[in-house]
Amino acid sequence: MSTKRTLIVDDEPDIRELLEITLGRMNLETVAAADLGQAYNSLKEHEFDLCLTDMHLPDGNGLELVEHINQHHPDLPVAMITAFGSMDTAISALKAGAFDFLQKPIDLDQLRSLVDSALKVADLNHQPGEAAAPGAKLLGSSAAIEGLRTQIKKLSRSQAPIYISGESGSGKEVAARLIHAMGPRHGGPFIPVNCGAIPTELMESEFFGHVKGSFTGAVSDKQGLFQAAAGGTLFLDEVADLPLSMQVKLLRAIQEKAVRPVGSQSEDVTDIRILSATHKDLVEEVAAGDFRQDLYYRLNVIELRIPALREHPEDLSELSDAILNRLARDYGGEVPKVAEAAKSALLDYAFPGNIRELENILERAFTLCEDGTIELADLQLNAQQPLPVAPQVHEAVPLASEGAAEPAEESEPLAETDNLLTLPTGTSLEEYLESIERTLITQALDKTRWNKTAAAKELGITFRALRYKLKKLDME
């Protein structure tokens, strides 16, 4: 195996010497250049696996070299060395196509990590398509999806922060997983986090970790999400839901590439790539004052837009087939056929919930269909799902614990103004409805001595539908 070679471009002899010594200890061959002219000549004379360049050079700037390499040596990763605090310069380099950036004074651990990641890119360039991403797959053959595949493959080779935009349910996390799996960090962890699901008071501890005794309840040291994603990718889903106070801390963590655990006196250097997504319009959030503009520019170095399902309806058949095959594997039985009337209805439907809604519709149809065929009625595209009225919920589903106090006057009908349901504090709608469903199923099973066929009849659903619900609610 031939020795990897790195081009070092910097007009400061001390910096060149530091980089040459460090990379030499990593068994890398180095070629040094003091200006752009020498760098261009070296690129003509040698093949390189990595380029490290300073921003300010005697005969130009590093951005020119980044653009030159992207044009003439597209498979060569190039990293920019910038002055401390010059994030605008770093972002300009990333937008121009730089693989990553380093800040002066150079942290040797960060340098080694960057070099390791960059050297993996050359190997990845020889892997076709999505071969490096067995755990995630982008289905579809439309022009929109083919274009998305091309973008994902290109972006996976960079370390630049990427903002993934798109409607809810369109597949933003699938794109994020592919970017991770096809990039040099594929051997590291992929940590997805829903920013809107973390309580505000726990957010700093969840992201950055804490040390024992830093606050009441901190009985041991805890690793944060940034530390857990070391060597891999941190995917911040619904990033627009972060409170402003947390946005400030996230901004600093991105700029410094380091985090300070709650209660700690020292910082932990981080080696992660950050991907973010939200179904909201971040530009509108910035204009409304709900999202920091400086954080927006740090996260949105490159934007990847995921098309809505209605923008590529020609992929509907392939997506439906894949979903139904998965359902048949998960719940058992044959893959049902889809009647022509049902196919036409799906093609005419707008899918405001995108691919996630298609999955839900087909799951429901899978449980309802008879004789192995999904008919139009099984799709229930226009069906409304009314919530149970308050008296029915309280009478049929005793969600409170057995020791809870009885209602003051249980027999008295609710006043007109009391007919609106309210969610229990800290409970989502999905959790609330699942708790109702779980309770009713348990009651039916108890009543029939766990005869599933009889329980399904008691609930007014098919045996197949009951099996699906038991698996979904983890009650098997």
# chains A, B, ... in the order shown; residues from 1 in each chain; ligands from 1

call {"tool": "residues_around", "arguments": {"residues": "region 160-176 of chain A", "least_positions_apart": "2", "cutoff": "7 Å", "atoms": "only C-alpha atoms", "output": "PyMOL selection string"}}
result
chain A and resi 94+99-100+136+158+178-180+273-279+299-309+353-356

call {"tool": "residues_around", "arguments": {"residues": "Ser317 (chain A)", "least_positions_apart": "3", "cutoff": "10 Å", "atoms": "only C-alpha atoms", "output": "ChimeraX atom specification"}}
result
/A:140,313-314,320-323,343,346-347

call {"tool": "residues_around", "arguments": {"residues": "Gly183 (chain A)", "least_positions_apart": "6", "cutoff": "9 Å", "atoms": "only C-alpha atoms", "output": "compact mmCIF listing (two decimals) with all heavy atoms, in the first residue's frame"}}
result
# COMPACT_ATOMS: atom_id res chain seq x y z
N SER A 117 -10.36 11.54 8.87
CA SER A 117 -11.63 11.58 8.13
C SER A 117 -11.39 11.87 6.66
O SER A 117 -12.00 11.25 5.78
CB SER A 117 -12.55 12.65 8.72
OG SER A 117 -12.93 12.32 10.03
N LYS A 120 -10.19 8.99 4.46
CA LYS A 120 -11.20 7.96 4.16
C LYS A 120 -12.02 8.32 2.93
O LYS A 120 -12.66 7.46 2.34
CB LYS A 120 -12.13 7.78 5.36
CG LYS A 120 -11.46 7.19 6.59
CD LYS A 120 -12.41 7.16 7.76
CE LYS A 120 -11.74 6.65 9.03
NZ LYS A 120 -12.64 6.73 10.19
N VAL A 121 -12.02 9.61 2.58
CA VAL A 121 -12.85 10.06 1.46
C VAL A 121 -12.40 9.42 0.14
O VAL A 121 -13.22 9.02 -0.68
CB VAL A 121 -12.82 11.59 1.35
CG1 VAL A 121 -13.49 12.07 0.07
CG2 VAL A 121 -13.50 12.22 2.55
N LEU A 124 -13.86 6.10 -0.21
CA LEU A 124 -15.30 6.15 -0.45
C LEU A 124 -15.62 6.50 -1.90
O LEU A 124 -16.66 6.12 -2.43
CB LEU A 124 -15.96 7.18 0.48
CG LEU A 124 -15.98 6.81 1.97
CD1 LEU A 124 -16.47 7.98 2.79
CD2 LEU A 124 -16.86 5.60 2.20
N ALA A 132 -22.48 2.03 0.52
CA ALA A 132 -21.95 2.25 1.88
C ALA A 132 -23.06 2.47 2.88
O ALA A 132 -22.80 2.72 4.03
CB ALA A 132 -21.00 3.45 1.86
N LYS A 153 -24.79 12.13 -2.36
CA LYS A 153 -23.48 11.52 -2.56
C LYS A 153 -22.37 12.57 -2.51
O LYS A 153 -21.33 12.34 -1.89
CB LYS A 153 -23.45 10.79 -3.91
CG LYS A 153 -22.14 10.05 -4.17
CD LYS A 153 -22.17 9.29 -5.49
CE LYS A 153 -20.86 8.56 -5.72
NZ LYS A 153 -20.86 7.82 -7.01
N LEU A 155 -22.53 15.61 -1.01
CA LEU A 155 -22.46 16.23 0.31
C LEU A 155 -21.88 15.29 1.36
O LEU A 155 -21.31 15.73 2.35
CB LEU A 155 -23.85 16.68 0.75
CG LEU A 155 -24.49 17.79 -0.09
CD1 LEU A 155 -25.90 18.10 0.42
CD2 LEU A 155 -23.63 19.04 -0.07
N SER A 156 -22.02 13.98 1.15
CA SER A 156 -21.51 13.02 2.13
C SER A 156 -19.99 13.07 2.22
O SER A 156 -19.41 12.69 3.24
CB SER A 156 -21.97 11.61 1.77
OG SER A 156 -21.37 11.17 0.57
N ARG A 157 -19.31 13.55 1.18
CA ARG A 157 -17.84 13.59 1.15
C ARG A 157 -17.29 14.80 1.89
O ARG A 157 -16.09 14.91 2.09
CB ARG A 157 -17.35 13.64 -0.29
CG ARG A 157 -17.12 12.30 -0.97
CD ARG A 157 -18.20 11.30 -0.81
NE ARG A 157 -17.95 10.10 -1.63
CZ ARG A 157 -18.66 9.02 -1.60
NH1 ARG A 157 -19.70 8.96 -0.79
NH2 ARG A 157 -18.38 7.99 -2.34
N SER A 158 -18.15 15.71 2.30
CA SER A 158 -17.73 16.93 2.99
C SER A 158 -17.98 16.79 4.49
O SER A 158 -18.62 15.84 4.95
CB SER A 158 -18.51 18.12 2.43
OG SER A 158 -18.36 19.25 3.25
N GLN A 159 -17.45 17.73 5.25
CA GLN A 159 -17.74 17.80 6.68
C GLN A 159 -18.56 19.05 7.00
O GLN A 159 -18.79 19.37 8.17
CB GLN A 159 -16.44 17.83 7.49
CG GLN A 159 -15.66 16.54 7.40
CD GLN A 159 -16.44 15.36 7.96
OE1 GLN A 159 -16.64 15.25 9.15
NE2 GLN A 159 -16.89 14.47 7.09

call {"tool": "select_by_dssp", "arguments": {"residues": "region 15-121 of chain A", "states": "strand (DSSP E or B)", "output": "number ranges by chain"}}
result
A: 29-33, 50-54, 56-57, 60-61, 78-82, 100-103

call {"tool": "residues_around", "arguments": {"residues": "Cys369 (chain A)", "least_positions_apart": "4", "cutoff": "9 Å", "atoms": "only C-alpha atoms", "output": "NGL selection string"}}
result
:A and (336 or 364-365 or 373-375 or 377-379)

call {"tool": "closest_residue", "arguments": {"among": "A:Arg5, A:Lys452, A:Lys447, A:Lys469", "to": "His46 (chain A)", "atoms": "only C-alpha atoms"}}
result
A:Arg5

call {"tool": "residues_around", "arguments": {"residues": "Ala98 (chain A)", "least_positions_apart": "6", "cutoff": "8 Å", "atoms": "only C-alpha atoms", "output": "ChimeraX atom specification"}}
result
/A:66,77-80,158,160

call {"tool": "atom_distance", "arguments": {"atom1": "CA of Asp14 (chain A)", "atom2": "CA of Met87 (chain A)"}}
result
23.0 Å

call {"tool": "select_by_dssp", "arguments": {"residues": "region 191-370 of chain A", "states": "helix (DSSP H, G or I)", "output": "ChimeraX atom specification"}}
result
/A:195-197,200-208,225-228,239-241,244-256,282-287,293-299,309-311,313-331,340-348,354-368

call {"tool": "closest_residue", "arguments": {"among": "A:Ala287, A:Asp268, A:Leu251, A:Ala93", "to": "Asp109 (chain A)", "atoms": "only C-alpha atoms"}}
result
A:Asp268

call {"tool": "atom_distance", "arguments": {"atom1": "CA of Glu434 (chain A)", "atom2": "CA of Tyr468 (chain A)"}}
result
13.4 Å

call {"tool": "atom_distance", "arguments": {"atom1": "CA of Leu57 (chain A)", "atom2": "CA of Lys95 (chain A)"}}
result
19.5 Å

call {"tool": "closest_residue", "arguments": {"among": "A:Val193, A:Leu423, A:Leu324, A:Leu466", "to": "Ala444 (chain A)", "atoms": "only C-alpha atoms"}}
result
A:Leu466

call {"tool": "residues_around", "arguments": {"residues": "Tyr331 (chain A)", "least_positions_apart": "2", "cutoff": "9 Å", "atoms": "only C-alpha atoms", "output": "list of chain:residue names"}}
result
A:Arg326, A:Leu327, A:Ala328, A:Arg329, A:Gly333, A:Arg464, A:Arg467, A:Tyr468, A:Lys471

call {"tool": "write_last_selection", "arguments": {"atoms": "all heavy atoms", "output": "PDB file, in the first residue's frame"}}
result
ATOM      1  N   ARG A 326     -42.670  -4.601   3.553  1.00  0.00           N
ATOM      2  CA  ARG A 326     -42.166  -4.490   4.925  1.00  0.00           C
ATOM      3  C   ARG A 326     -43.236  -4.880   5.929  1.00  0.00           C
ATOM      4  O   ARG A 326     -42.953  -5.582   6.918  1.00  0.00           O
ATOM      5  CB  ARG A 326     -41.678  -3.069   5.197  1.00  0.00           C
ATOM      6  CG  ARG A 326     -41.269  -2.835   6.649  1.00  0.00           C
ATOM      7  CD  ARG A 326     -40.700  -1.452   6.863  1.00  0.00           C
ATOM      8  NE  ARG A 326     -41.606  -0.400   6.471  1.00  0.00           N
ATOM      9  CZ  ARG A 326     -42.624   0.012   7.216  1.00  0.00           C
ATOM     10  NH1 ARG A 326     -42.884  -0.568   8.385  1.00  0.00           N
ATOM     11  NH2 ARG A 326     -43.410   1.006   6.817  1.00  0.00           N
ATOM     12  N   LEU A 327     -44.474  -4.429   5.697  1.00  0.00           N
ATOM     13  CA  LEU A 327     -45.574  -4.772   6.602  1.00  0.00           C
ATOM     14  C   LEU A 327     -45.807  -6.277   6.638  1.00  0.00           C
ATOM     15  O   LEU A 327     -46.062  -6.856   7.702  1.00  0.00           O
ATOM     16  CB  LEU A 327     -46.851  -4.047   6.175  1.00  0.00           C
ATOM     17  CG  LEU A 327     -46.857  -2.524   6.372  1.00  0.00           C
ATOM     18  CD1 LEU A 327     -48.079  -1.909   5.706  1.00  0.00           C
ATOM     19  CD2 LEU A 327     -46.831  -2.174   7.853  1.00  0.00           C
ATOM     20  N   ALA A 328     -45.726  -6.908   5.479  1.00  0.00           N
ATOM     21  CA  ALA A 328     -45.925  -8.361   5.428  1.00  0.00           C
ATOM     22  C   ALA A 328     -44.825  -9.081   6.208  1.00  0.00           C
ATOM     23  O   ALA A 328     -45.087 -10.081   6.887  1.00  0.00           O
ATOM     24  CB  ALA A 328     -45.950  -8.833   3.971  1.00  0.00           C
ATOM     25  N   ARG A 329     -43.598  -8.574   6.131  1.00  0.00           N
ATOM     26  CA  ARG A 329     -42.499  -9.183   6.891  1.00  0.00           C
ATOM     27  C   ARG A 329     -42.695  -8.976   8.393  1.00  0.00           C
ATOM     28  O   ARG A 329     -42.471  -9.879   9.199  1.00  0.00           O
ATOM     29  CB  ARG A 329     -41.156  -8.580   6.470  1.00  0.00           C
ATOM     30  CG  ARG A 329     -40.666  -9.009   5.105  1.00  0.00           C
ATOM     31  CD  ARG A 329     -39.190  -8.672   4.925  1.00  0.00           C
ATOM     32  NE  ARG A 329     -38.911  -7.265   5.173  1.00  0.00           N
ATOM     33  CZ  ARG A 329     -38.953  -6.310   4.262  1.00  0.00           C
ATOM     34  NH1 ARG A 329     -39.292  -6.614   3.002  1.00  0.00           N
ATOM     35  NH2 ARG A 329     -38.666  -5.057   4.564  1.00  0.00           N
ATOM     36  N   GLY A 333     -47.959 -12.903   6.983  1.00  0.00           N
ATOM     37  CA  GLY A 333     -48.971 -12.988   5.936  1.00  0.00           C
ATOM     38  C   GLY A 333     -48.419 -12.620   4.574  1.00  0.00           C
ATOM     39  O   GLY A 333     -47.253 -12.256   4.413  1.00  0.00           O
ATOM     40  N   ARG A 464     -56.590  -9.923  12.471  1.00  0.00           N
ATOM     41  CA  ARG A 464     -55.339  -9.392  11.906  1.00  0.00           C
ATOM     42  C   ARG A 464     -55.057  -7.990  12.438  1.00  0.00           C
ATOM     43  O   ARG A 464     -53.915  -7.653  12.750  1.00  0.00           O
ATOM     44  CB  ARG A 464     -55.459  -9.381  10.380  1.00  0.00           C
ATOM     45  CG  ARG A 464     -54.179  -9.055   9.636  1.00  0.00           C
ATOM     46  CD  ARG A 464     -54.453  -9.158   8.150  1.00  0.00           C
ATOM     47  NE  ARG A 464     -53.267  -8.960   7.356  1.00  0.00           N
ATOM     48  CZ  ARG A 464     -53.252  -8.991   6.030  1.00  0.00           C
ATOM     49  NH1 ARG A 464     -54.376  -9.235   5.372  1.00  0.00           N
ATOM     50  NH2 ARG A 464     -52.141  -8.803   5.367  1.00  0.00           N
ATOM     51  N   ARG A 467     -53.734  -8.275  15.978  1.00  0.00           N
ATOM     52  CA  ARG A 467     -52.327  -8.684  15.974  1.00  0.00           C
ATOM     53  C   ARG A 467     -51.418  -7.499  15.664  1.00  0.00           C
ATOM     54  O   ARG A 467     -50.372  -7.312  16.303  1.00  0.00           O
ATOM     55  CB  ARG A 467     -52.087  -9.780  14.929  1.00  0.00           C
ATOM     56  CG  ARG A 467     -52.579 -11.157  15.339  1.00  0.00           C
ATOM     57  CD  ARG A 467     -52.296 -12.164  14.245  1.00  0.00           C
ATOM     58  NE  ARG A 467     -50.873 -12.214  13.919  1.00  0.00           N
ATOM     59  CZ  ARG A 467     -50.382 -12.780  12.814  1.00  0.00           C
ATOM     60  NH1 ARG A 467     -51.212 -13.329  11.929  1.00  0.00           N
ATOM     61  NH2 ARG A 467     -49.097 -12.802  12.581  1.00  0.00           N
ATOM     62  N   TYR A 468     -51.824  -6.690  14.708  1.00  0.00           N
ATOM     63  CA  TYR A 468     -51.051  -5.491  14.343  1.00  0.00           C
ATOM     64  C   TYR A 468     -50.951  -4.528  15.524  1.00  0.00           C
ATOM     65  O   TYR A 468     -49.880  -4.013  15.846  1.00  0.00           O
ATOM     66  CB  TYR A 468     -51.712  -4.818  13.141  1.00  0.00           C
ATOM     67  CG  TYR A 468     -51.343  -3.365  12.969  1.00  0.00           C
ATOM     68  CD1 TYR A 468     -50.070  -2.984  12.574  1.00  0.00           C
ATOM     69  CD2 TYR A 468     -52.289  -2.364  13.210  1.00  0.00           C
ATOM     70  CE1 TYR A 468     -49.741  -1.646  12.422  1.00  0.00           C
ATOM     71  CE2 TYR A 468     -51.969  -1.032  13.062  1.00  0.00           C
ATOM     72  CZ  TYR A 468     -50.695  -0.682  12.671  1.00  0.00           C
ATOM     73  OH  TYR A 468     -50.368   0.637  12.535  1.00  0.00           O
ATOM     74  N   LYS A 471     -48.639  -5.732  18.329  1.00  0.00           N
ATOM     75  CA  LYS A 471     -47.226  -5.552  17.973  1.00  0.00           C
ATOM     76  C   LYS A 471     -46.851  -4.085  18.043  1.00  0.00           C
ATOM     77  O   LYS A 471     -45.801  -3.714  18.578  1.00  0.00           O
ATOM     78  CB  LYS A 471     -46.968  -6.108  16.571  1.00  0.00           C
ATOM     79  CG  LYS A 471     -45.501  -6.159  16.189  1.00  0.00           C
ATOM     80  CD  LYS A 471     -45.329  -6.808  14.839  1.00  0.00           C
ATOM     81  CE  LYS A 471     -43.848  -6.933  14.468  1.00  0.00           C
ATOM     82  NZ  LYS A 471     -43.179  -7.982  15.232  1.00  0.00           N
TER      83      LYS A 471
END

call {"tool": "closest_residue", "arguments": {"among": "A:Arg310, A:Lys154, A:Lys472, A:Lys457", "to": "Asp75 (chain A)", "atoms": "only C-alpha atoms"}}
result
A:Lys154

call {"tool": "closest_residue", "arguments": {"among": "A:Val262, A:Met246, A:Leu65, A:Ala32", "to": "Ser214 (chain A)", "atoms": "only C-alpha atoms"}}
result
A:Val262

call {"tool": "decode", "arguments": {"residues": "region 446-476 of chain A", "atoms": "N, CA, C and O atoms", "output": "JSON list (two decimals), in the first residue's frame"}}
result
[["chain", "number", "residue", "atom", "x", "y", "z"],
["A", 446, "ASP", "N", -58.70, -9.46, 28.92],
["A", 446, "ASP", "CA", -59.03, -9.98, 30.24],
["A", 446, "ASP", "C", -60.43, -10.61, 30.24],
["A", 446, "ASP", "O", -60.65, -11.68, 30.82],
["A", 447, "LYS", "N", -61.36, -9.92, 29.58],
["A", 447, "LYS", "CA", -62.75, -10.39, 29.55],
["A", 447, "LYS", "C", -62.87, -11.73, 28.83],
["A", 447, "LYS", "O", -63.70, -12.57, 29.19],
["A", 448, "THR", "N", -62.04, -11.93, 27.81],
["A", 448, "THR", "CA", -62.12, -13.17, 27.01],
["A", 448, "THR", "C", -61.05, -14.18, 27.41],
["A", 448, "THR", "O", -60.78, -15.12, 26.68],
["A", 449, "ARG", "N", -60.42, -13.94, 28.59],
["A", 449, "ARG", "CA", -59.36, -14.81, 29.09],
["A", 449, "ARG", "C", -58.25, -14.97, 28.06],
["A", 449, "ARG", "O", -57.73, -16.06, 27.82],
["A", 450, "TRP", "N", -57.91, -13.89, 27.43],
["A", 450, "TRP", "CA", -56.81, -13.78, 26.46],
["A", 450, "TRP", "C", -57.01, -14.66, 25.24],
["A", 450, "TRP", "O", -56.06, -15.16, 24.65],
["A", 451, "ASN", "N", -58.27, -14.82, 24.87],
["A", 451, "ASN", "CA", -58.59, -15.43, 23.58],
["A", 451, "ASN", "C", -58.60, -14.31, 22.55],
["A", 451, "ASN", "O", -59.52, -13.49, 22.52],
["A", 452, "LYS", "N", -57.56, -14.26, 21.72],
["A", 452, "LYS", "CA", -57.39, -13.11, 20.82],
["A", 452, "LYS", "C", -58.51, -13.01, 19.79],
["A", 452, "LYS", "O", -58.93, -11.93, 19.42],
["A", 453, "THR", "N", -58.98, -14.15, 19.32],
["A", 453, "THR", "CA", -60.07, -14.13, 18.34],
["A", 453, "THR", "C", -61.32, -13.51, 18.95],
["A", 453, "THR", "O", -61.98, -12.65, 18.35],
["A", 454, "ALA", "N", -61.64, -13.92, 20.18],
["A", 454, "ALA", "CA", -62.82, -13.38, 20.87],
["A", 454, "ALA", "C", -62.61, -11.92, 21.24],
["A", 454, "ALA", "O", -63.55, -11.11, 21.17],
["A", 455, "ALA", "N", -61.38, -11.57, 21.61],
["A", 455, "ALA", "CA", -61.09, -10.18, 21.98],
["A", 455, "ALA", "C", -61.25, -9.26, 20.77],
["A", 455, "ALA", "O", -61.76, -8.15, 20.88],
["A", 456, "ALA", "N", -60.80, -9.73, 19.61],
["A", 456, "ALA", "CA", -60.95, -8.93, 18.39],
["A", 456, "ALA", "C", -62.42, -8.68, 18.09],
["A", 456, "ALA", "O", -62.82, -7.57, 17.71],
["A", 457, "LYS", "N", -63.25, -9.72, 18.27],
["A", 457, "LYS", "CA", -64.69, -9.57, 18.04],
["A", 457, "LYS", "C", -65.29, -8.60, 19.05],
["A", 457, "LYS", "O", -66.14, -7.77, 18.71],
["A", 458, "GLU", "N", -64.84, -8.66, 20.29],
["A", 458, "GLU", "CA", -65.31, -7.76, 21.34],
["A", 458, "GLU", "C", -65.00, -6.31, 21.00],
["A", 458, "GLU", "O", -65.79, -5.40, 21.27],
["A", 459, "LEU", "N", -63.83, -6.10, 20.38],
["A", 459, "LEU", "CA", -63.39, -4.74, 20.03],
["A", 459, "LEU", "C", -63.96, -4.27, 18.69],
["A", 459, "LEU", "O", -63.77, -3.11, 18.32],
["A", 460, "GLY", "N", -64.58, -5.19, 17.94],
["A", 460, "GLY", "CA", -65.14, -4.81, 16.65],
["A", 460, "GLY", "C", -64.11, -4.65, 15.56],
["A", 460, "GLY", "O", -64.29, -3.87, 14.63],
["A", 461, "ILE", "N", -62.97, -5.37, 15.67],
["A", 461, "ILE", "CA", -61.93, -5.31, 14.65],
["A", 461, "ILE", "C", -61.58, -6.72, 14.23],
["A", 461, "ILE", "O", -61.98, -7.70, 14.87],
["A", 462, "THR", "N", -60.81, -6.85, 13.13],
["A", 462, "THR", "CA", -60.42, -8.17, 12.67],
["A", 462, "THR", "C", -59.30, -8.73, 13.54],
["A", 462, "THR", "O", -58.60, -7.99, 14.24],
["A", 463, "PHE", "N", -59.13, -10.04, 13.50],
["A", 463, "PHE", "CA", -58.05, -10.69, 14.24],
["A", 463, "PHE", "C", -56.69, -10.15, 13.78],
["A", 463, "PHE", "O", -55.79, -9.92, 14.58],
["A", 464, "ARG", "N", -56.59, -9.92, 12.47],
["A", 464, "ARG", "CA", -55.34, -9.39, 11.91],
["A", 464, "ARG", "C", -55.06, -7.99, 12.44],
["A", 464, "ARG", "O", -53.92, -7.65, 12.75],
["A", 465, "ALA", "N", -56.11, -7.19, 12.56],
["A", 465, "ALA", "CA", -55.94, -5.83, 13.09],
["A", 465, "ALA", "C", -55.49, -5.87, 14.54],
["A", 465, "ALA", "O", -54.66, -5.06, 14.98],
["A", 466, "LEU", "N", -56.04, -6.82, 15.30],
["A", 466, "LEU", "CA", -55.62, -6.94, 16.71],
["A", 466, "LEU", "C", -54.15, -7.34, 16.80],
["A", 466, "LEU", "O", -53.41, -6.80, 17.62],
["A", 467, "ARG", "N", -53.73, -8.27, 15.98],
["A", 467, "ARG", "CA", -52.33, -8.68, 15.97],
["A", 467, "ARG", "C", -51.42, -7.50, 15.66],
["A", 467, "ARG", "O", -50.37, -7.31, 16.30],
["A", 468, "TYR", "N", -51.82, -6.69, 14.71],
["A", 468, "TYR", "CA", -51.05, -5.49, 14.34],
["A", 468, "TYR", "C", -50.95, -4.53, 15.52],
["A", 468, "TYR", "O", -49.88, -4.01, 15.85],
["A", 469, "LYS", "N", -52.09, -4.30, 16.21],
["A", 469, "LYS", "CA", -52.10, -3.36, 17.32],
["A", 469, "LYS", "C", -51.27, -3.88, 18.50],
["A", 469, "LYS", "O", -50.57, -3.12, 19.18],
["A", 470, "LEU", "N", -51.32, -5.17, 18.75],
["A", 470, "LEU", "CA", -50.52, -5.75, 19.84],
["A", 470, "LEU", "C", -49.03, -5.56, 19.57],
["A", 470, "LEU", "O", -48.25, -5.25, 20.49],
["A", 471, "LYS", "N", -48.64, -5.73, 18.33],
["A", 471, "LYS", "CA", -47.23, -5.55, 17.97],
["A", 471, "LYS", "C", -46.85, -4.09, 18.04],
["A", 471, "LYS", "O", -45.80, -3.71, 18.58],
["A", 472, "LYS", "N", -47.72, -3.22, 17.52],
["A", 472, "LYS", "CA", -47.44, -1.78, 17.52],
["A", 472, "LYS", "C", -47.31, -1.23, 18.93],
["A", 472, "LYS", "O", -46.46, -0.38, 19.21],
["A", 473, "LEU", "N", -48.18, -1.70, 19.83],
["A", 473, "LEU", "CA", -48.19, -1.19, 21.21],
["A", 473, "LEU", "C", -47.25, -1.99, 22.13],
["A", 473, "LEU", "O", -47.25, -1.76, 23.33],
["A", 474, "ASP", "N", -46.49, -2.90, 21.54],
["A", 474, "ASP", "CA", -45.53, -3.70, 22.30],
["A", 474, "ASP", "C", -46.23, -4.47, 23.43],
["A", 474, "ASP", "O", -45.77, -4.48, 24.57],
["A", 475, "MET", "N", -47.35, -5.11, 23.08],
["A", 475, "MET", "CA", -48.14, -5.86, 24.06],
["A", 475, "MET", "C", -48.09, -7.35, 23.82],
["A", 475, "MET", "O", -48.80, -8.13, 24.47],
["A", 476, "GLU", "N", -47.27, -7.80, 22.88],
["A", 476, "GLU", "CA", -47.25, -9.23, 22.54],
["A", 476, "GLU", "C", -46.67, -10.07, 23.68],
["A", 476, "GLU", "O", -47.05, -11.19, 23.88]]
